[in-house]
Every structure is written in structure tokens, then in C-alpha cells.
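I have placed the structure first, in the form of C-alpha cells, so that the comments after it can refer back to it.
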Amino acid sequence: MGKGQTGLKSVLGLAIAIGGVGALAPLPAVAATSAGCTAANAGTFDLSIPIGNPLQFGGSVVQVFAAGDVLTATTTGVPTGTQAFLSPGSLSIVNAAFADVMGSATIPSAGTFTLTRTLSANVANGGTLTFTCAPGPMVGGGGGAPSADDQADTATNATTTAAIVEDRVVGGILDDIITTNPEPEGPSQAELEERRKLISEWNDLSEEREDLEREIEKQEDEKKALEEALERDEANLEKEEDPDTRDPIAGSTEGSGWLTLLSPINIEEATIYNLKRAIEREEKDIKEISAQIEANRARLSEIERRQDAINGQVDNLPRDPSNSNDRYDPSLDLENLPSGNTSEGESILFVGQDPFTRALARYRGFKLDVADTGEGFNDTVKPLSFSRTLSSTLVGWVRAVYTDYEQDDASQQEGDNILVALGIHKDINDDLRVGLFATTTWGDVSSPVNNLDIDTSGYSVGTYGRYKLGEVDLNASARIGLTDNDISVGGTTGSYDTRLASATLGLSGQEQLSDSVWMRPAVSVTGTWVNREDYQNSAGTNIGGNTTWSGNVTAGPTIGTSLTPPSGLKRLEPAIGLQATYTFSDQDTQAGAVTASEDDYLSLSLSPQLSMEFENGASLDVFGSYFGIGADLDGWSVGGTLSIPLN
């Protein structure tokens, strides 16, 4: 697997004959089983033009090569032009002008090939074109197929690589599942901001409510005064209009002629007129102030309903443990309420409450900050902590991951893999989580070397768990699996089963770097046992089985931030993970004719991800990963996980 954590590629390294070496320097004659290798190492393909001869040598030769043969061409003397290629397939070996070059090509399958080569020179430049060949994995196989040992090594290394890749994917799934909760631990920044806004709105509404109550009281007094004045004026008008009750002085004209002369209208009529005008104004004012009172009372009712709604919303939001002023509870005396640590919920003083009320509060997720000693608050009594969820949480989840990769070493492998996993876990208490899971996988690996193609399908079942040790989580998982492999190599086919057992142990934690930024460091060790059964290929050759051990050590942080979620979401957290992985295995050394792949290497991976939690408690995580940084193996993965609380 190159050096990466994933590797359907590295160790599947098959056939390029001992021969990357041929790409480094001309090889001496090597015992070969194909006519092409024999001819190349005997020098029958070589061309040479001495300096001073403006000539061109060329032509084609037909030879039989074996699959995996590596034909290498080298020029010296800086000829004016050099070209060599094989057909069919147009396998270019060298193509250069005025340069000493070296190139090679690997025969993809056994058969007859035409080697076309050209060498040109002028008076000032001569040159030599020489060929060497390293035999492919046909040694001892009669020229038609790789030897039984080489096929066994190929199958073993392919199987080991597939197991390493699968372990990487499954490990990533369980890492996320083990550390993810249906509800985030502690308040998120979005929840704190929402709580702050709601409390601020509640306080503003309280001030408006007090103002409205004072205004309504003042308006009620004004209305009462107007009604009393209206009642008096109506009584006075009635008297003025009744001859029996009218003021005799005001109504007499005897002895008051001077008043009549001084007044443009009769005093009696003026009095009645003024009373009527006063009554009209008072009735109008009463109507207006009654409408104002009604509007203010309607607004007061709106405020009361909104405050009731805010109370319900705030009850479901966590308190900010870093803000001692965040002690909102309109039903309590805030000045006398002890703060306490309320990271699991609201802070409530239980002194004097009956057992049923206290039990109900605990069930709703509050924290008991003060013991009820019967004598009120006593700061010498240690706080008691209760779980946010007294009834255990049951969570089901499903995850799918697609992986694509290619290998840059001599094996030239490329492939892809689809893995689907589903599981369920139960939080026994705050400290202990246990779960079960199952996976199914489909994969394909191919390489032009030896015409390799391997199709795999399989499944595994396992268990995982988490135990909290203070601020650190101890994580563990184990699984067993069975995979069916259909292999085609060197023109032969066959199938074999693979049995797998794997276990992982890790530590993780979480640090709050700021109000909205967190970091989750983690380290884990994985060990894997793989047993490949023997099989008989299509040529009737028995290919022996093998057992290998592999594993990896992975460490690195995941850094994320909590954003204000849009409507419908409770949590929105983008993050990126950086991991360093050291991979090791005891797979076959491939010292024969099969191309060697690394079995101990260090690599890095980057994994961006986005986690979303919905209002109903379900969560969706999507991620990508680029792995194999610093290794021969380059690849990427994409996937997602859907988790749903079941109770």
C-alpha cells in the first residue's frame, strides 16, 4: 500500500519482474523463459553508429515475450535521434533527440510483439542503443503463467492490502460513531447565542410590560375622571333645561337688564351651549382613551404570551457555564440563586422542594447543585451530578463510504471500494457506551502488470464501546469478517476466501479552544489477522494459502467550530482532521519474480467534514478524505453517516 493507510494498492504489487532495477541500469544477462528476454540480453536488438557516420539504422523484429517481462533500452553517445516501441499496444520504451536516455516498458501479457527501433547520427554525433530484459513472473511456470509461488504471493499481498484498506475505513467510521453524541456535550455557541437573544428579548418585554401597566393605570384614572366630569355635566345640563330646576337668577330678566345689554346672547342659552360642548368633548375623550386602554391591554396580552413562549424555549437551552450573569429564571429570586456548575442544564435550588418535584427536575435534565439538608443552602455540602438523560439513549446509524485510489509504485495498481456499515449503540450511563455493527463491502483491484484483476465482496460483524476516564475517553472495537475473492492473474483465474479478525484500542478527548472552536485529539492502535485459504487455479495448479499480520498506529487532532445553524437545525459544525499513520505488516517479501511493495511506512491524511443535528435529535455527517500523503499510495474517500435516536 505504498505508505498509506489504505491500500488496496500497495501490496497487491505484482509483477514487474525484478525489474524496476532494469529501469535504473543495464542488467547483465539473466536466465529468461521468453524468447524476447533471451534475444534482448544476447544483444540481438542492439544498434550502434560510430561518430563521423551520418547514418540511420532502423527496422523491426518480432519476438515472443512473457507477461511481466521488463524490456529496458539505453542510449550512449548522444545520437541525433533514438526511438524504440513495442506493438501491439504502442508501448513506448525510449523517444529522444540529442540525449543519452534510458527507458523501459512492462509486457502486459504473454504473446508475440513487434519491437521497432531507430537510431540516427550525423558527422559530429554517433551513438549506441542497447537492450536488456528482466524476466516476468513466469519463472518455473512453463512460460504460460506465473509460478504457483508467485501467484500465492500475489494473492497474499492483495488480501493483506485489502484488509488494511478496509480497516482504515471501518476505523474511521467507528471513531466518529464512538465520539459523537445525539446531543453535543455542553452548550454550542449557537445555543448560547440563541439563549442570550431570548433572555434579552424577555427582559425588554418585561420593561415594556411594566411601562404598559403604568400607562394603563394612568389611563384608567384619566378615564374615571372624565366619566365623573361627564356625569356632572350631564346632570347640570338636565337642570338647565328643566324650568323647575333652572337657576332663577340666571333665568330672570327682571333687574338684570344691564346683563342683557352687556351679553351678546342670553346667559341661559350660553350655559346650555357650553355644557353640551363639554359633554361632547368628554364623550370623545372617553372613547379615545378607552381605545388606547384596549390596545395597550391587547399588547400586554401579546407580551405575556411571548414571554411564556420564551420561558419554554429557554428551558430547553443550556446555560452558559462561563457567564455568572446567565441565571435566567423568572420564577426565582435571581439575586439569591447560587450559580454552581450547570454544564448539563439549568441551575436550580432544590431546597424546600418535595421529592416528587426534585425527581421531575432531575428527569428533565437539570443538575442538582444543592443538597436538601432541611436547613437551607449549605456550601459545605458537595454538589451531586445527575445525567442529562436518566433513561439510557439508544442510537441507530448507517454509513456508506466510497474509496478510490491508485498506486505509484511498480505494481501500477488502481481500484475502488464501497463499504456500507450499520450499527446500534446504547448509553448504559454517562460513562459507558456499548454497540454492535455490521459491514458489507465490494471492491475491485486491477493492474496492467500480469493482467491482474481481483473482485472482492464480503462482510464483517463486530462490537465497539467507550468508557469515560475523567476527561479522556477509552475507545475499543473488535470485528471478524469473511471475504470472497475472485482473482485473475497471468491468464489464470481462481477464487479464495479470506478470514479476518481485527481489534482497535484508542484514547480521545476534547478541548474547547474558544467559545466556538474545539479540538478533539485521538490516538489508536489496530492489529489485524488475515487468513487466506489455498485454491486451485484454472490451470489446475494448487495455490497455497497464507496467514499474515498487519496493523497501524494513528494519531492526530480534529479541529472544528460551531456555527449558528439555519432553521430546522440544532447544530452545524464544520471540522477538519489531520492524521499521521504508521502502517506495518508481515506480508510476503515478494523476493521472487513478483514486484515488492512496502510493508512499513508513514503517511498523512486530511479529512474535511460537516456535522449537522436536526431538531428531532437525528444527525447527518458528511466527509471527504485525501490519504497517502508521503506514500506511494494516493487516494480519496467520500461518505456520510445518518444517526437517529431510537428512544
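In the C-alpha cells, chains take letters A, B, ... by order of appearance, with residues numbered from 1 within each chain and ligands from 1 in the order shown.
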Compile the contact shell of region 35-41 of chain A as a PDB file with N, CA, C and O atoms, in the first residue's frame: residues with an atom at most 6 Å away, counting only C-alpha atoms, same-chain residues fewer than 2 positions apart removed.
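Result file around_28.pdb:
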ATOM      1  N   ALA A  29      23.020 -10.363 -18.453  1.00  0.00           N
ATOM      2  CA  ALA A  29      22.139 -11.424 -18.925  1.00  0.00           C
ATOM      3  C   ALA A  29      21.565 -12.176 -17.741  1.00  0.00           C
ATOM      4  O   ALA A  29      22.262 -12.510 -16.804  1.00  0.00           O
ATOM      5  N   ALA A  32      16.205 -16.351 -18.638  1.00  0.00           N
ATOM      6  CA  ALA A  32      14.874 -15.931 -19.033  1.00  0.00           C
ATOM      7  C   ALA A  32      14.119 -17.088 -19.627  1.00  0.00           C
ATOM      8  O   ALA A  32      14.696 -18.033 -20.137  1.00  0.00           O
ATOM      9  N   GLY A  43      21.850  -9.316 -26.911  1.00  0.00           N
ATOM     10  CA  GLY A  43      22.283  -8.186 -27.710  1.00  0.00           C
ATOM     11  C   GLY A  43      21.779  -8.184 -29.126  1.00  0.00           C
ATOM     12  O   GLY A  43      22.284  -7.418 -29.961  1.00  0.00           O
ATOM     13  N   THR A  44      20.811  -8.994 -29.471  1.00  0.00           N
ATOM     14  CA  THR A  44      20.354  -9.073 -30.862  1.00  0.00           C
ATOM     15  C   THR A  44      19.529  -7.872 -31.296  1.00  0.00           C
ATOM     16  O   THR A  44      19.279  -7.689 -32.488  1.00  0.00           O
ATOM     17  N   PHE A  45      19.066  -7.042 -30.302  1.00  0.00           N
ATOM     18  CA  PHE A  45      18.279  -5.865 -30.668  1.00  0.00           C
ATOM     19  C   PHE A  45      19.149  -4.609 -30.752  1.00  0.00           C
ATOM     20  O   PHE A  45      18.664  -3.545 -31.134  1.00  0.00           O
ATOM     21  N   GLN A  63       9.281 -10.864 -31.669  1.00  0.00           N
ATOM     22  CA  GLN A  63       9.717 -11.782 -30.625  1.00  0.00           C
ATOM     23  C   GLN A  63       8.547 -12.123 -29.705  1.00  0.00           C
ATOM     24  O   GLN A  63       7.579 -11.367 -29.588  1.00  0.00           O
ATOM     25  N   VAL A  64       8.680 -13.251 -29.030  1.00  0.00           N
ATOM     26  CA  VAL A  64       7.682 -13.676 -28.037  1.00  0.00           C
ATOM     27  C   VAL A  64       8.178 -13.278 -26.648  1.00  0.00           C
ATOM     28  O   VAL A  64       9.302 -13.625 -26.266  1.00  0.00           O
ATOM     29  N   PHE A  65       7.299 -12.545 -25.927  1.00  0.00           N
ATOM     30  CA  PHE A  65       7.628 -12.133 -24.563  1.00  0.00           C
ATOM     31  C   PHE A  65       6.642 -12.777 -23.592  1.00  0.00           C
ATOM     32  O   PHE A  65       5.535 -13.176 -23.973  1.00  0.00           O
ATOM     33  N   PHE A 131      19.834  -3.031 -25.383  1.00  0.00           N
ATOM     34  CA  PHE A 131      18.615  -3.530 -24.734  1.00  0.00           C
ATOM     35  C   PHE A 131      18.973  -4.572 -23.681  1.00  0.00           C
ATOM     36  O   PHE A 131      19.903  -5.364 -23.866  1.00  0.00           O
ATOM     37  N   THR A 132      18.251  -4.562 -22.609  1.00  0.00           N
ATOM     38  CA  THR A 132      18.315  -5.617 -21.597  1.00  0.00           C
ATOM     39  C   THR A 132      16.892  -5.989 -21.216  1.00  0.00           C
ATOM     40  O   THR A 132      15.941  -5.232 -21.466  1.00  0.00           O
ATOM     41  N   CYS A 133      16.747  -7.149 -20.590  1.00  0.00           N
ATOM     42  CA  CYS A 133      15.404  -7.619 -20.230  1.00  0.00           C
ATOM     43  C   CYS A 133      15.450  -8.354 -18.906  1.00  0.00           C
ATOM     44  O   CYS A 133      16.358  -9.161 -18.670  1.00  0.00           O
TER      45      CYS A 133
END
Separation of CA of Ser550 (chain A) from CA of His425 (chain A), in Å and rounded to one decimal: 27.9 Å
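Here CA of Trp397 (chain A) is placed at a distance of 6.9 Å from CA of Thr641 (chain A).
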For Thr548 (chain A): contacts at 9 Å, only C-alpha atoms, fewer than 6 positions along chain excluded, given as a count of residues only: 11
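Relative to CA of Gln413 (chain A), CA of Val525 (chain A) is found at 26.9 Å.
Among the candidates A:Gln292, A:Ser446, A:Ser460, A:Gly68, the residue lying nearest to Asp150 (chain A) is A:Gly68 (atoms considered: only C-alpha atoms).
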I need the strand (DSSP E or B) residues of region 106-248 of chain A per DSSP on the backbone, written as a PyMOL selection string. chain A and resi 106+111-120+127-134
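Distances to Trp202 (chain A) were evaluated for A:Gly312, A:Gly544, A:Gly172, A:Pro566 using only C-alpha atoms, and the minimum falls at A:Gly312.
Counting only C-alpha atoms, Ser290 (chain A) has the following residues at most 9 Å away, ignoring those fewer than 6 positions along the same chain: A:Gln219, A:Glu220, A:Lys223.
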Print the selection's residues with N, CA and C atoms to a file, as a compact mmCIF listing (two decimals), in the first residue's frame.
# COMPACT_ATOMS: atom_id res chain seq x y z
N GLN A 219 -54.15 55.73 32.40
CA GLN A 219 -55.30 55.94 31.51
C GLN A 219 -56.61 55.60 32.22
N GLU A 220 -56.59 54.57 33.03
CA GLU A 220 -57.80 54.22 33.79
C GLU A 220 -58.21 55.37 34.71
N LYS A 223 -59.62 58.11 32.55
CA LYS A 223 -60.96 57.74 32.08
C LYS A 223 -61.99 57.90 33.20
Neighbour list for region 205-210 of chain A as a short mmCIF file (atom, residue, chain, number, x, y, z; two decimals) with C-alpha atoms, in the first residue's frame, cut-off 12 Å, only C-alpha atoms, skip fewer than 5 positions in-chain:
data_model
loop_
_atom_site.label_atom_id
_atom_site.label_comp_id
_atom_site.auth_asym_id
_atom_site.auth_seq_id
_atom_site.Cartn_x
_atom_site.Cartn_y
_atom_site.Cartn_z
CA LEU A 198 -34.18 35.16 24.10
CA ILE A 199 -33.26 36.38 27.58
CA SER A 200 -32.56 39.85 26.20
CA GLU A 215 -49.72 53.60 31.28
CA ILE A 216 -52.92 51.58 31.58
CA GLU A 217 -53.24 52.54 35.25
CA ASN A 296 -52.47 48.55 25.49
CA ARG A 297 -54.22 45.58 27.08
CA ALA A 298 -54.01 43.66 23.77
CA ARG A 299 -50.30 44.42 23.56
CA LEU A 300 -49.93 43.35 27.18
CA SER A 301 -51.58 40.03 26.34
CA GLU A 302 -49.17 39.60 23.38
CA ILE A 303 -46.22 40.26 25.68
CA GLU A 304 -47.46 37.72 28.21
CA ARG A 305 -47.89 35.06 25.51
CA ARG A 306 -44.44 35.80 24.05
CA GLN A 307 -42.82 35.67 27.49
CA ASP A 308 -44.48 32.33 28.16
CA ILE A 310 -39.64 32.37 25.67
CA PRO A 330 -38.38 34.43 36.02
#
As a short mmCIF file (atom, residue, chain, number, x, y, z; two decimals) with C-alpha atoms, in the first residue's frame, please: the residues near Ile487 (chain A) (cut-off 8 Å, only C-alpha atoms, same-chain neighbours under 4 positions excluded).
data_model
loop_
_atom_site.label_atom_id
_atom_site.label_comp_id
_atom_site.auth_asym_id
_atom_site.auth_seq_id
_atom_site.Cartn_x
_atom_site.Cartn_y
_atom_site.Cartn_z
CA ALA A 155 -2.91 -13.32 -3.66
CA LEU A 452 -4.22 -8.57 -12.66
CA ASP A 453 -7.85 -8.21 -11.64
CA ILE A 454 -9.34 -9.03 -8.24
CA ASP A 455 -13.02 -8.64 -7.35
CA THR A 493 -8.37 -17.47 -12.74
CA GLY A 494 -9.43 -18.70 -9.35
CA SER A 495 -11.25 -17.78 -6.17
#
Skip Lys468 (chain A) itself and residues of its chain fewer than 5 positions away, then list as a count of residues only all residues within 12 Å of it, counting only C-alpha atoms. 18
